[in-house]
Amino acid sequence: MNDAMAILAHALRMLVHEPGTTFRVITPALLLVLGSAIGAMVFASDAIVALQVVTETMEMPPASSILLLFGLGLIGLIGYALMAILWHRHVLLNGDARDTDLRPDTSVILGYIWRAIILGFVQFLVAIPIGMAIAILGGIGAAFSGGANMILFTIVGVAAGVIFIWIGLRLSVVLPAAALGNLMRVGESWQVTAPVANALWGVAVLLAVINTILTFVSTAILPSDPALSLVFQTVIYIVEGLVFVSVLTTLYGHLVENRPLR
């Protein structure tokens, strides 16, 4: 657990050591992500409500509103990718390159997005057996009383989340590599992270705890209006995303570039 704490502490320390610098580095991406969320709230609120609150009497929003929401969502996803790329490059580029080459070119952005798509597909395939196991355990849990059933579902859900995060950590080192314009295959990421595979279980548990806390906090303060809640949820997703991205940056720096954790 000490190694897991060291990895997460290093990742968080990079984010909060100089918050002004962190904000400055990711500002272009934040403008895209938050701008797309605010734009959806202002110009496509009817589509957001239709997607989140379904009733028999509700009229479907016009197609133009749905297309606008889709387009703004795509811009937001690109913003998330850019946020990750900028942070990877800020931390991992050395010397003058950090200042002169911080802004990625189009090929780097497209390469990053392509690897993220591949990674998402691989994780989807991995999720299938996990989902089947949850379904089987859910069937077993149905035989228990209400309280025991709820406890079993909670334990299974948390365990599945931790497993999925652990697999994501093992495979996702390809992303900081792509942010630097380097080619790394998903299988290579699995090999590179093998020395810290046990420690990453601890990191996965800690990240799951952080995400759970943020979810509870966001649920407590979330506005009832679906469009406005989208902006609040976006802020939470940004925080969660930054922590995960910084962990990947730490892993790449430590495992590929032999940087110390302490």
# chains A, B, ... in the order shown; residues from 1 in each chain; ligands from 1
call {"tool": "select_by_dssp", "arguments": {"residues": "segment 161-237 of chain A", "states": "helix (DSSP H, G or I)", "output": "JSON, numbers by chain"}}
result
{"A": [161, 162, 163, 164, 165, 166, 167, 168, 169, 170, 171, 174, 175, 176, 177, 178, 179, 186, 187, 188, 189, 190, 191, 192, 194, 195, 196, 197, 198, 199, 200, 201, 202, 203, 204, 205, 206, 207, 208, 209, 210, 211, 212, 213, 214, 215, 216, 217, 218, 219, 220, 221, 226, 227, 228, 229, 230, 231, 232, 233, 234, 235, 236, 237]}
call {"tool": "closest_atom_pairs", "arguments": {"of": "segment 89-131 of chain A", "to": "segment 24-45 of chain A", "cutoff": "10 Å", "atoms": "only C-alpha atoms", "output": "CSV"}}
result
residue,atom,partner,partner_atom,distance
A:Arg89,CA,A:Val25,CA,9.6
A:His90,CA,A:Val25,CA,7.3
A:Leu102,CA,A:Val25,CA,8.6
A:Arg103,CA,A:Val25,CA,9.4
call {"tool": "closest_residue", "arguments": {"among": "A:Val231, A:Met1, A:Leu93, A:Val126", "to": "Leu171 of chain A", "atoms": "only C-alpha atoms"}}
result
A:Val126
call {"tool": "residues_around", "arguments": {"residues": "Ala11 of chain A", "least_positions_apart": "5", "cutoff": "12 Å", "atoms": "only C-alpha atoms", "output": "PyMOL selection string"}}
result
chain A and resi 4-6+16-17+87-88+91+203+207+242-254+261-262
call {"tool": "residues_around", "arguments": {"residues": "Ile48 of chain A", "least_positions_apart": "5", "cutoff": "12 Å", "atoms": "only C-alpha atoms", "output": "list in words"}}
result
Ala37, Ile38, Gly39, Ala40, Met41, Val42, Phe43, Val53, Val54, Met60, Pro61, Pro62, Ser65, Ile66, Leu67, Leu68, Leu69, Phe70, Leu72, Gly73, Asp225, Pro226, Ala227, Leu228, Ser229, Leu230 and Val231 of chain A
call {"tool": "atom_distance", "arguments": {"atom1": "atom CA of Ala179 of chain A", "atom2": "atom CA of Val108 of chain A"}}
result
6.2 Å
call {"tool": "residues_around", "arguments": {"residues": "Val174 of chain A", "least_positions_apart": "6", "cutoff": "8 Å", "atoms": "only C-alpha atoms", "output": "VMD selection string"}}
result
chain A and resid 115 183 to 186 189
call {"tool": "write_last_selection", "arguments": {"atoms": "all heavy atoms", "output": "mmCIF file, in the first residue's frame"}}
result
data_model
loop_
_atom_site.group_PDB
_atom_site.id
_atom_site.type_symbol
_atom_site.label_atom_id
_atom_site.label_comp_id
_atom_site.auth_asym_id
_atom_site.auth_seq_id
_atom_site.Cartn_x
_atom_site.Cartn_y
_atom_site.Cartn_z
ATOM 1 N N ARG A 115 -5.815 6.400 -30.103
ATOM 2 C CA ARG A 115 -5.413 5.419 -29.091
ATOM 3 C C ARG A 115 -6.444 5.338 -27.970
ATOM 4 O O ARG A 115 -6.659 4.259 -27.399
ATOM 5 C CB ARG A 115 -4.032 5.776 -28.550
ATOM 6 C CG ARG A 115 -2.905 5.402 -29.517
ATOM 7 C CD ARG A 115 -1.576 5.998 -29.107
ATOM 8 N NE ARG A 115 -0.524 5.608 -30.022
ATOM 9 C CZ ARG A 115 -0.332 6.161 -31.223
ATOM 10 N NH1 ARG A 115 -1.146 7.128 -31.636
ATOM 11 N NH2 ARG A 115 0.663 5.768 -32.002
ATOM 12 N N LEU A 183 4.984 6.037 -30.000
ATOM 13 C CA LEU A 183 4.106 4.896 -30.247
ATOM 14 C C LEU A 183 4.299 3.853 -29.156
ATOM 15 O O LEU A 183 5.401 3.397 -28.902
ATOM 16 C CB LEU A 183 4.411 4.277 -31.612
ATOM 17 C CG LEU A 183 3.609 3.013 -31.966
ATOM 18 C CD1 LEU A 183 2.116 3.318 -32.019
ATOM 19 C CD2 LEU A 183 4.097 2.434 -33.294
ATOM 20 N N MET A 184 3.200 3.491 -28.514
ATOM 21 C CA MET A 184 3.212 2.398 -27.544
ATOM 22 C C MET A 184 1.930 1.605 -27.740
ATOM 23 O O MET A 184 0.837 2.172 -27.776
ATOM 24 C CB MET A 184 3.291 2.917 -26.101
ATOM 25 C CG MET A 184 3.230 1.803 -25.054
ATOM 26 S SD MET A 184 3.218 2.388 -23.334
ATOM 27 C CE MET A 184 4.909 2.950 -23.165
ATOM 28 N N ARG A 185 2.065 0.307 -27.856
ATOM 29 C CA ARG A 185 0.888 -0.545 -28.022
ATOM 30 C C ARG A 185 0.276 -0.868 -26.659
ATOM 31 O O ARG A 185 0.945 -0.779 -25.627
ATOM 32 C CB ARG A 185 1.252 -1.826 -28.764
ATOM 33 C CG ARG A 185 1.717 -1.585 -30.204
ATOM 34 C CD ARG A 185 2.066 -2.883 -30.893
ATOM 35 N NE ARG A 185 2.412 -2.673 -32.291
ATOM 36 C CZ ARG A 185 3.621 -2.319 -32.730
ATOM 37 N NH1 ARG A 185 4.607 -2.147 -31.844
ATOM 38 N NH2 ARG A 185 3.854 -2.142 -34.010
ATOM 39 N N VAL A 186 -0.988 -1.261 -26.690
ATOM 40 C CA VAL A 186 -1.691 -1.580 -25.454
ATOM 41 C C VAL A 186 -0.982 -2.709 -24.712
ATOM 42 O O VAL A 186 -0.837 -2.664 -23.488
ATOM 43 C CB VAL A 186 -3.158 -1.958 -25.752
ATOM 44 C CG1 VAL A 186 -3.856 -2.447 -24.491
ATOM 45 C CG2 VAL A 186 -3.913 -0.756 -26.335
ATOM 46 N N SER A 189 1.955 -1.424 -22.802
ATOM 47 C CA SER A 189 1.547 -0.755 -21.561
ATOM 48 C C SER A 189 1.359 -1.778 -20.447
ATOM 49 O O SER A 189 1.766 -1.559 -19.307
ATOM 50 C CB SER A 189 0.245 0.021 -21.780
ATOM 51 O OG SER A 189 -0.216 0.602 -20.574
#
call {"tool": "atom_distance", "arguments": {"atom1": "atom CA of Ala178 of chain A", "atom2": "atom CA of Ile117 of chain A"}}
result
12.4 Å
call {"tool": "residues_around", "arguments": {"residues": "Val158 of chain A", "least_positions_apart": "5", "cutoff": "12 Å", "atoms": "only C-alpha atoms", "output": "PyMOL selection string"}}
result
chain A and resi 134+151-153+163-165+204-209+211-212
call {"tool": "closest_residue", "arguments": {"among": "A:Ile128, A:Ile236, A:Ala177, A:Leu255", "to": "Val192 of chain A", "atoms": "only C-alpha atoms"}}
result
A:Leu255
call {"tool": "closest_residue", "arguments": {"among": "A:Pro176, A:Gly20, A:Gly131, A:Gly181", "to": "Gly157 of chain A", "atoms": "only C-alpha atoms"}}
result
A:Gly131
call {"tool": "closest_residue", "arguments": {"among": "A:Gly120, A:Gly187, A:Pro129, A:Gly202", "to": "Asp3 of chain A", "atoms": "only C-alpha atoms"}}
result
A:Gly202
